[in-house]
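Engineer: run-v9.cif is reproduced below (mmCIF, C-alpha atoms).
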data_final
#
loop_
_atom_site.label_atom_id
_atom_site.label_comp_id
_atom_site.auth_asym_id
_atom_site.auth_seq_id
_atom_site.Cartn_x
_atom_site.Cartn_y
_atom_site.Cartn_z
CA LEU U 115 58.80 17.92 -41.43
CA ILE U 116 55.81 19.95 -40.21
CA LEU U 117 53.49 18.29 -42.75
CA LEU U 118 54.89 14.88 -41.89
CA ASP U 119 54.38 15.55 -38.20
CA SER U 120 50.74 16.46 -38.76
CA LEU U 121 50.11 13.40 -40.95
CA LEU U 122 51.72 11.01 -38.50
CA GLN U 123 49.72 12.44 -35.61
CA GLU U 124 46.46 11.88 -37.51
CA MET U 125 47.50 8.28 -38.29
CA PHE U 126 48.43 7.74 -34.67
CA GLU U 127 45.08 8.99 -33.35
CA LEU U 128 43.14 6.96 -35.94
CA CYS U 129 45.05 3.84 -34.99
CA LEU U 130 44.42 4.33 -31.29
CA THR U 131 40.69 4.68 -31.98
CA SER U 132 40.70 1.47 -34.05
CA LEU U 133 42.66 -0.32 -31.35
CA ARG U 134 40.09 0.49 -28.68
CA GLN U 135 37.22 -0.71 -30.88
CA ALA U 136 38.95 -3.73 -32.36
CA LYS U 137 37.90 -7.23 -31.32
CA VAL U 138 39.94 -9.14 -33.85
CA ASP U 139 43.54 -9.90 -32.97
CA ILE U 140 44.85 -9.25 -36.49
CA ILE U 141 43.48 -5.68 -36.36
CA LYS U 142 45.15 -5.15 -33.01
CA ILE U 143 48.43 -6.46 -34.38
CA TRP U 144 48.14 -4.16 -37.43
CA CYS U 145 47.49 -1.16 -35.21
CA LEU U 146 50.44 -1.94 -32.98
CA MET U 147 52.66 -2.15 -36.07
CA VAL U 148 51.40 1.25 -37.26
CA ILE U 149 52.06 2.78 -33.82
CA LEU U 150 55.59 1.35 -33.89
CA GLY U 151 56.10 2.74 -37.41
CA VAL U 152 54.90 6.19 -36.32
CA PHE U 153 57.32 6.14 -33.40
CA LEU U 154 60.25 5.13 -35.61
CA CYS U 155 59.38 7.85 -38.16
CA PHE U 156 59.38 10.49 -35.43
CA GLN U 157 62.75 9.25 -34.24
CA TYR U 158 64.23 9.08 -37.75
CA PHE U 159 63.09 12.44 -39.07
CA GLY U 160 63.81 14.09 -35.76
CA SER U 161 67.39 12.83 -36.01
CA ILE U 162 67.71 14.22 -39.56
CA GLU U 163 66.54 17.63 -38.43
CA ALA U 164 68.90 17.54 -35.46
CA PHE U 165 71.76 16.56 -37.78
CA LEU U 166 71.09 19.46 -40.15
CA VAL U 167 70.83 21.93 -37.30
CA SER U 168 74.03 20.66 -35.65
CA LYS U 169 76.06 20.51 -38.86
CA GLY U 170 74.86 23.79 -40.38
CA THR U 171 76.74 26.91 -39.29
CA PHE U 172 73.56 28.85 -38.57
CA GLY U 173 73.22 29.84 -34.94
CA ARG U 174 76.89 29.11 -34.18
CA TYR U 175 78.47 32.56 -34.61
CA SER U 176 80.31 33.55 -31.45
CA GLU U 177 80.93 37.11 -30.31
CA ASP U 178 83.70 36.16 -27.90
CA GLU U 179 86.21 38.36 -29.71
CA ILE U 180 89.33 39.81 -28.16
CA ALA U 181 88.66 43.21 -26.56
CA VAL U 182 89.17 45.81 -29.29
CA ASP U 183 90.77 49.21 -29.21
CA GLY U 184 87.95 51.75 -29.48
CA ASP U 185 90.40 54.18 -31.07
CA ASP U 186 90.79 51.92 -34.11
CA PRO U 187 87.68 52.71 -36.18
CA ALA U 188 88.65 50.36 -39.03
CA LEU U 189 88.82 47.40 -36.65
CA VAL U 190 85.56 48.30 -34.93
CA GLU U 191 83.88 48.79 -38.31
CA TYR U 192 85.09 45.43 -39.61
CA LEU U 193 83.97 43.49 -36.54
CA ARG U 194 80.53 45.09 -36.80
CA GLU U 195 80.28 44.22 -40.49
CA ASN U 196 81.64 40.74 -39.90
CA LYS U 197 78.88 40.09 -37.37
CA GLU U 198 76.30 41.14 -39.98
CA ARG U 199 77.99 38.98 -42.63
CA MET U 200 77.99 35.94 -40.35
CA GLU U 201 74.35 36.43 -39.42
CA ARG U 202 73.42 36.62 -43.11
CA LEU U 203 75.46 33.49 -43.85
CA GLN U 204 73.78 31.57 -41.05
CA THR U 205 70.29 32.69 -42.09
CA GLU U 206 70.79 31.81 -45.75
CA CYS U 207 72.35 28.43 -44.87
CA TYR U 208 69.36 27.66 -42.66
CA ASN U 209 66.93 28.68 -45.40
CA PHE U 210 68.68 26.60 -48.05
CA ILE U 211 69.02 23.51 -45.88
CA ASN U 212 65.31 23.75 -45.06
CA GLY U 213 64.33 23.92 -48.74
CA GLN U 214 63.75 27.66 -49.10
CA LYS U 215 65.18 28.45 -52.53
CA PRO U 216 63.94 29.72 -55.93
CA GLU U 217 62.45 27.23 -58.37
CA TYR U 218 65.34 27.65 -60.80
CA VAL U 219 67.86 26.40 -58.21
CA SER U 220 68.45 22.66 -58.54
CA LEU U 221 71.22 22.39 -55.94
CA ASP U 222 70.31 20.22 -52.97
CA VAL U 223 71.42 19.79 -49.38
CA GLU U 224 73.05 16.44 -50.10
CA LYS U 225 75.32 18.02 -52.72
CA LEU U 226 76.29 20.70 -50.22
CA ALA U 227 76.86 18.27 -47.36
CA ARG U 228 79.13 16.08 -49.52
CA ALA U 229 81.40 19.01 -50.45
CA GLU U 230 84.51 17.98 -48.49
CA ILE U 231 87.42 20.41 -48.46
CA SER U 232 90.86 19.37 -49.65
CA PRO U 233 93.64 20.01 -47.09
CA GLY U 234 95.52 21.92 -49.76
CA ARG U 235 92.71 24.44 -49.88
CA PHE U 236 93.64 25.65 -46.38
CA THR U 237 96.57 27.56 -44.97
CA VAL U 238 96.77 26.81 -41.24
CA SER U 239 98.76 28.48 -38.48
CA LYS U 240 98.86 26.53 -35.23
CA LYS U 241 100.60 29.39 -33.40
CA TYR U 242 97.94 31.97 -34.27
CA SER U 243 95.02 29.52 -34.40
CA ILE U 244 93.78 30.50 -37.84
CA ALA U 245 92.80 28.52 -40.93
CA MET U 246 92.25 30.31 -44.23
CA CYS U 247 90.25 28.57 -46.95
CA LYS U 248 91.98 29.95 -50.01
CA MET U 249 89.90 30.77 -53.07
CA ALA U 250 91.56 31.33 -56.44
CA LYS U 251 90.83 34.78 -57.89
CA ILE U 252 89.98 36.14 -54.43
CA GLY U 253 93.20 37.64 -53.11
CA THR U 254 95.28 34.48 -52.77
CA THR U 255 98.53 36.22 -53.74
CA ALA U 256 97.93 38.95 -51.16
CA TRP U 257 97.07 36.27 -48.59
CA GLY U 258 100.32 34.39 -49.21
CA ASN U 259 102.28 37.61 -48.82
CA ALA U 260 100.47 38.53 -45.58
CA PHE U 261 100.82 35.02 -44.11
CA LEU U 262 104.58 35.06 -44.61
CA GLN U 263 104.80 38.39 -42.79
CA LEU U 264 102.58 37.14 -39.97
CA VAL U 265 104.80 34.12 -39.24
CA GLY U 266 107.98 36.21 -39.46
CA ARG U 267 109.31 35.02 -42.81
CA LYS U 268 110.92 37.28 -45.39
CA VAL U 269 108.98 37.75 -48.60
CA ASP U 270 111.09 36.98 -51.67
CA ALA U 271 109.98 39.21 -54.54
CA LYS U 272 111.38 36.70 -57.04
CA ARG U 273 109.12 33.87 -55.86
CA LEU U 274 105.35 33.48 -55.83
CA PRO U 275 103.94 34.22 -52.34
CA ASN U 276 101.52 31.29 -52.58
CA ALA U 277 104.28 28.75 -53.21
CA MET U 278 106.44 30.24 -50.46
CA ALA U 279 103.54 30.27 -47.98
CA LYS U 280 102.77 26.63 -48.71
CA LYS U 281 106.39 25.64 -48.13
CA VAL U 282 106.65 27.64 -44.89
CA GLU U 283 103.36 26.21 -43.64
CA GLY U 284 104.77 22.71 -44.15
CA LEU U 285 107.74 23.60 -41.93
CA LEU U 286 105.54 24.95 -39.14
CA ILE U 287 102.87 22.27 -38.93
CA SER U 288 102.69 18.56 -39.73
CA ALA U 289 100.14 17.13 -42.14
CA ASP U 290 98.37 15.28 -39.30
CA GLU U 291 98.17 18.43 -37.15
CA LYS U 292 96.79 20.39 -40.09
CA GLN U 293 94.12 17.74 -40.74
CA THR U 294 93.07 17.80 -37.08
CA LEU U 295 92.79 21.60 -36.94
CA MET U 296 91.09 21.82 -40.32
CA HIS U 297 88.47 19.18 -39.51
CA SER U 298 87.74 20.84 -36.17
CA LEU U 299 85.99 23.55 -38.19
CA LYS U 300 83.11 21.08 -38.56
CA GLU U 301 82.56 21.20 -34.80
CA ASP U 302 80.69 23.71 -32.65
CA LYS U 303 83.93 24.81 -30.98
CA PRO U 304 86.74 24.67 -33.57
CA LEU U 305 90.38 24.63 -32.51
CA VAL U 306 91.15 27.42 -35.00
CA ARG U 307 89.43 30.55 -36.27
CA GLY U 308 88.30 29.93 -39.83
CA ILE U 309 88.69 32.67 -42.45
CA LEU U 310 86.89 32.78 -45.79
CA ALA U 311 87.04 35.34 -48.59
CA SER U 312 84.30 36.11 -51.14
CA ARG U 313 83.88 38.02 -54.37
CA HIS U 314 80.96 38.79 -56.67
CA PRO U 315 80.55 35.61 -58.80
CA LEU U 316 80.42 37.42 -62.14
CA GLU U 317 83.47 39.54 -61.36
CA ARG U 318 85.36 36.43 -60.33
CA LEU U 319 84.33 34.70 -63.56
CA TYR U 320 85.43 37.67 -65.66
CA SER U 321 88.76 37.87 -63.83
CA ALA U 322 89.32 34.13 -64.32
CA TYR U 323 88.57 34.47 -68.03
CA THR U 324 90.91 37.44 -68.60
CA ASP U 325 93.78 35.96 -66.55
CA LYS U 326 93.51 32.22 -67.23
CA VAL U 327 91.52 31.63 -70.42
CA ARG U 328 91.68 34.49 -72.92
CA TRP U 329 95.45 34.47 -73.40
CA ARG U 330 95.60 30.78 -74.30
CA THR U 331 92.50 30.32 -76.46
CA SER U 332 90.37 32.18 -78.98
CA ILE U 333 87.11 31.35 -77.19
CA SER U 334 84.93 34.36 -76.41
CA PHE U 335 83.76 35.25 -72.91
CA THR U 336 80.14 34.57 -73.91
CA LYS U 337 80.88 31.12 -75.30
CA TRP U 338 83.02 30.29 -72.26
CA LEU U 339 80.15 31.24 -69.94
CA ARG U 340 77.79 29.04 -71.97
CA ILE U 341 80.10 26.04 -71.50
CA ILE U 342 80.34 26.62 -67.75
CA ALA U 343 76.59 27.15 -67.37
CA ARG U 344 75.77 23.93 -69.28
CA ARG U 345 78.27 21.87 -67.34
CA GLY U 346 77.11 23.00 -63.92
CA PRO U 347 78.96 22.32 -60.64
CA LYS U 348 80.53 19.04 -61.66
CA GLU U 349 84.01 17.73 -60.97
CA PRO U 350 86.62 18.15 -62.22
CA MET U 351 86.22 21.93 -62.34
CA ASP U 352 89.00 24.49 -62.47
CA ILE U 353 89.58 26.07 -59.05
CA HIS U 354 89.65 29.56 -60.58
CA TRP U 355 85.91 29.46 -61.25
CA ARG U 356 84.71 26.62 -59.04
CA PRO U 357 82.01 28.07 -56.69
CA ILE U 358 83.02 29.07 -53.16
CA TRP U 359 80.29 26.88 -51.64
CA LEU U 360 81.75 23.85 -53.39
CA GLN U 361 85.34 24.53 -52.33
CA CYS U 362 84.98 25.87 -48.78
CA ASN U 363 81.47 24.67 -47.80
CA PRO U 364 80.55 27.56 -45.46
CA CYS U 365 77.26 25.97 -44.36
CA PHE U 366 78.97 22.93 -42.86
CA TYR U 367 82.28 24.44 -41.73
CA ASN U 368 82.29 26.88 -38.84
CA TYR U 369 84.11 30.00 -40.05
CA ARG U 370 84.72 32.96 -37.77
CA TYR U 371 85.78 35.72 -40.16
CA LEU U 372 84.42 36.63 -43.61
CA ILE U 373 86.45 38.78 -45.98
CA LYS U 374 85.19 40.54 -49.10
CA LEU U 375 87.52 41.37 -51.95
CA GLU U 376 85.94 44.84 -52.09
CA THR U 377 87.33 45.56 -48.60
CA TYR U 378 90.09 42.93 -48.51
CA SER U 379 92.91 45.07 -47.11
CA ARG U 380 90.83 46.50 -44.29
CA ASP U 381 89.27 43.14 -43.44
CA LEU U 382 92.50 41.13 -43.29
CA THR U 383 94.31 43.91 -41.41
CA ALA U 384 91.55 43.83 -38.78
CA ILE U 385 91.70 40.03 -38.48
CA PHE U 386 95.48 40.07 -38.02
CA LYS U 387 95.08 42.67 -35.28
CA GLN U 388 92.80 40.20 -33.53
CA VAL U 389 95.19 37.25 -33.77
CA LYS U 390 98.39 39.27 -33.21
CA PRO U 391 97.56 42.75 -31.83
CA ASN U 392 100.99 44.37 -32.31
CA ASN U 393 101.83 42.92 -35.72
CA THR U 394 103.45 44.99 -38.46
CA VAL U 395 101.97 43.12 -41.41
CA VAL U 396 101.33 45.28 -44.46
CA ILE U 397 98.40 44.03 -46.54
CA LYS U 398 98.58 44.68 -50.27
CA ASN U 399 95.79 47.03 -51.28
CA LEU U 400 93.12 44.96 -53.03
CA ASN U 401 90.12 47.24 -52.61
CA VAL U 402 89.19 46.90 -56.27
CA SER U 403 87.00 49.98 -56.46
CA GLY U 404 87.69 51.74 -53.18
CA ALA U 405 84.14 50.92 -52.08
CA THR U 406 81.72 48.04 -51.82
CA LYS U 407 79.98 48.96 -55.11
CA SER U 408 81.52 47.45 -58.22
CA ALA U 409 82.30 49.52 -61.30
CA ILE U 410 81.39 46.61 -63.59
CA ASN U 411 78.11 46.86 -65.48
CA TYR U 412 76.72 43.33 -65.29
CA GLU U 413 74.13 43.88 -68.00
CA GLU U 414 76.87 44.88 -70.43
CA LEU U 415 79.04 41.98 -69.27
CA LEU U 416 76.20 39.56 -70.09
CA GLU U 417 74.99 41.43 -73.18
CA LYS U 418 75.63 38.58 -75.64
CA ALA U 419 74.78 35.73 -73.29
CA SER U 420 71.48 33.86 -73.74
CA SER U 421 68.81 33.63 -71.03
CA SER U 422 69.62 29.94 -70.55
CA THR U 423 73.28 30.78 -69.90
CA VAL U 424 72.38 33.43 -67.34
CA LEU U 425 69.94 31.04 -65.65
CA GLY U 426 72.58 28.32 -65.52
CA LEU U 427 75.02 30.70 -63.85
CA LEU U 428 72.36 31.79 -61.35
CA ASN U 429 71.77 28.17 -60.42
CA MET U 430 75.43 27.22 -60.08
CA TYR U 431 76.50 30.33 -58.16
CA TYR U 432 73.23 30.85 -56.25
CA LEU U 433 74.81 30.16 -52.86
CA ASP U 434 77.82 32.36 -53.61
CA PHE U 435 75.37 35.23 -54.21
CA VAL U 436 73.06 34.83 -51.24
CA LEU U 437 75.51 33.58 -48.58
CA PHE U 438 77.85 36.53 -49.06
CA GLY U 439 75.33 39.30 -49.69
CA TYR U 440 75.70 39.89 -53.43
CA ASP U 441 72.60 41.09 -55.26
CA ILE U 442 71.17 38.09 -57.10
CA ASP U 443 67.94 39.92 -57.96
CA GLU U 444 69.86 42.24 -60.28
CA ILE U 445 71.15 39.28 -62.30
CA TYR U 446 67.77 37.53 -62.25
CA ALA U 447 66.22 40.72 -63.70
CA ILE U 448 68.75 40.51 -66.56
CA PHE U 449 67.65 36.90 -67.15
CA LEU U 450 63.96 37.90 -67.27
CA LYS U 451 64.67 40.70 -69.72
CA LYS U 452 66.60 38.33 -71.99
CA GLN U 453 63.89 35.68 -71.73
CA GLU U 454 61.21 38.18 -72.72
CA LYS U 455 63.30 39.43 -75.62
CA GLU U 456 63.96 35.90 -76.90
CA SER U 457 60.25 35.02 -76.62
CA GLY U 458 59.36 38.01 -78.76
CA LYS U 459 61.63 36.81 -81.56
CA ARG U 460 59.92 33.43 -81.84
#
The structure given in the file should be rewritten as structure tokens.
Structural biologist:
Amino acid sequence: LILLDSLLQEMFELCLTSLRQAKVDIIKIWCLMVILGVFLCFQYFGSIEAFLVSKGTFGRYSEDEIAVDGDDPALVEYLRENKERMERLQTECYNFINGQKPEYVSLDVEKLARAEISPGRFTVSKKYSIAMCKMAKIGTTAWGNAFLQLVGRKVDAKRLPNAMAKKVEGLLISADEKQTLMHSLKEDKPLVRGILASRHPLERLYSAYTDKVRWRTSISFTKWLRIIARRGPKEPMDIHWRPIWLQCNPCFYNYRYLIKLETYSRDLTAIFKQVKPNNTVVIKNLNVSGATKSAINYEELLEKASSSTVLGLLNMYYLDFVLFGYDIDEIYAIFLKKQEKESGKR
């Protein structure tokens, strides 16, 4: 846009100079047409920029939280971290939408903007004004259990919490009401507080493989990754490994709270204290390593994968890395090492 602005200004000035000097009507007519074209270009590209700025979440994080109890260090700590997470999300969304991305990333803004969210992806509570975009392999069972407790329903150990939560949600809110509340997340002032959970992309992939793939097929983890990397983010794609950005579109939906699987119990407990201060909800402990640092060695996990597979995964899950603060440079270094090793064999 900056380059276009400069070019159009030069054309505009040149045309004005020609117009003053012109004695032939056809030249005057040509110059007037150019001036009109310049004006329309400014209007058109200005509207695109305004659209991207208005529809992206960057710059929209609000700090108008409920007053917190200073004696609850876990809540204070989460709200501080959530502010940092939201600021990172907004910055990275802004950068991506404005074309700032590595050369190996082929994702574009149009693909991101078209990523509409299915109503079934959300659990919505009208009473507590929350909307959770559920992500398979990122604490969905624990979420279903917690949601049932929040709305005062008994958890049946014999039934899956997700199925029960979906049924209860349907009793508490109509489909039309849910659509209205869900779509309000696209606005500057949503009617509900959006919640979104994240997990390191490679850990999520490995969990999906061990729980959903390995037991029903003889395919190896390396070969499975190669298939996913070659296919890219195309539909249909299983929800257990479909990227977060493609399912919950955090750059175009205005979320309020971000949860990480590494601190899931603390994060969700803090959020529930915000929406219902005196609740007695018990969140299942999902802090996978007791800290934010994973115990998984990613180089070992990708040991047998080719450089092209690693690069394909980096491209497809690029936004899931950078939007949620996972170290993409570590994985890119693994790609470079593999690429160098493969080049030496040729």
Engineer: Excluding same-chain residues fewer than 4 positions from Ser239 of chain U, what lies within 10 Å of it counting only C-alpha atoms, as a CSV table (one decimal) with C-alpha atoms, in the frame of the given file?
Structural biologist:
chain,number,residue,atom,x,y,z
U,243,SER,CA,95.0,29.5,-34.4
U,244,ILE,CA,93.8,30.5,-37.8
U,245,ALA,CA,92.8,28.5,-40.9
U,246,MET,CA,92.2,30.3,-44.2
U,261,PHE,CA,100.8,35.0,-44.1
U,264,LEU,CA,102.6,37.1,-40.0
U,265,VAL,CA,104.8,34.1,-39.2
U,283,GLU,CA,103.4,26.2,-43.6
U,286,LEU,CA,105.5,25.0,-39.1
U,287,ILE,CA,102.9,22.3,-38.9
U,292,LYS,CA,96.8,20.4,-40.1
U,295,LEU,CA,92.8,21.6,-36.9
U,306,VAL,CA,91.2,27.4,-35.0
U,307,ARG,CA,89.4,30.6,-36.3
Engineer: So which residues get picked by the PyMOL selection byres ((chain U and resi 426) around 10) here, written as a PyMOL selection string?
Structural biologist: chain U and resi 218-220+339-346+420-425+427-432
Engineer: Could you please determine the separation between atom CA of Pro216 of chain U and atom CA of Lys300 of chain U in Å, to one decimal place?
Structural biologist: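 Going from atom CA of Pro216 of chain U over to atom CA of Lys300 of chain U, I get 27.3 Å.
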Engineer: How would you write, as a ChimeraX atom specification, the residues chosen by the PyMOL selection byres ((chain U and resi 257) around 9) on this structure?
Structural biologist: /U:246,248,253-256,258-262,275-276,279,382,397-398
Engineer: For the selection you just gave me, I'd like the residues written to a file as a PDB file, in the coordinates of the input, keeping C-alpha atoms.
Structural biologist:
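Result file follows (part15.pdb):
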ATOM      1  CA  MET U 246      92.250  30.310 -44.230  1.00  0.00           C
ATOM      2  CA  LYS U 248      91.980  29.950 -50.010  1.00  0.00           C
ATOM      3  CA  GLY U 253      93.200  37.640 -53.110  1.00  0.00           C
ATOM      4  CA  THR U 254      95.280  34.480 -52.770  1.00  0.00           C
ATOM      5  CA  THR U 255      98.530  36.220 -53.740  1.00  0.00           C
ATOM      6  CA  ALA U 256      97.930  38.950 -51.160  1.00  0.00           C
ATOM      7  CA  GLY U 258     100.320  34.390 -49.210  1.00  0.00           C
ATOM      8  CA  ASN U 259     102.280  37.610 -48.820  1.00  0.00           C
ATOM      9  CA  ALA U 260     100.470  38.530 -45.580  1.00  0.00           C
ATOM     10  CA  PHE U 261     100.820  35.020 -44.110  1.00  0.00           C
ATOM     11  CA  LEU U 262     104.580  35.060 -44.610  1.00  0.00           C
ATOM     12  CA  PRO U 275     103.940  34.220 -52.340  1.00  0.00           C
ATOM     13  CA  ASN U 276     101.520  31.290 -52.580  1.00  0.00           C
ATOM     14  CA  ALA U 279     103.540  30.270 -47.980  1.00  0.00           C
ATOM     15  CA  LEU U 382      92.500  41.130 -43.290  1.00  0.00           C
ATOM     16  CA  ILE U 397      98.400  44.030 -46.540  1.00  0.00           C
ATOM     17  CA  LYS U 398      98.580  44.680 -50.270  1.00  0.00           C
TER      18      LYS U 398
END
Engineer: Find the spatial neighbours of segment 205-208 of chain U, counting all atoms listed in the file, within a cut-off of 7 Å - ignore same-chain residues fewer than 2 positions away - and output them as number ranges by chain.
Structural biologist: U: 170, 172, 201-203, 210-212, 365, 436-437
Engineer: If we count only C-alpha atoms and set the cut-off at 8 Å, which residues sit around Trp359 of chain U, ignoring sequence neighbours fewer than 4 positions away in its own chain? Please answer as a list in words.
Structural biologist: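 Listed by chain and then number, they are Leu226, Asn363, Pro364, Cys365, Leu433 and Asp434 of chain U.
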Engineer: Report the residues retrieved by the PyMOL selection byres ((chain U and resi 235) around 9) from the displayed file, expressed as a PyMOL selection string.
Structural biologist: chain U and resi 231-234+236-237+246-249+361-362
Engineer: Take atom CA of Asp302 of chain U and atom CA of Tyr367 of chain U and report the distance between them in Å, one decimal.
Structural biologist: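 For atom CA of Asp302 of chain U relative to atom CA of Tyr367 of chain U, the distance reads 9.2 Å.
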Engineer: Atom CA of Glu414 of chain U and atom CA of Ala447 of chain U are how many Å apart?
Structural biologist: 13.3 Å
Engineer: Closest to Tyr242 of chain U among U:Lys390, U:His314, U:Lys455, U:Arg328, using only C-alpha atoms?
Structural biologist: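 With only C-alpha atoms as the atom set, the closest residue is U:Lys390.
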Engineer: Kindly indicate which residue among U:Ile442, U:Ala419, U:Leu372, U:Leu360 lies nearest to Lys197 of chain U, using only C-alpha atoms for the distances.
Structural biologist: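 Looking at the shortest contact to Lys197 of chain U, the residue is U:Leu372.
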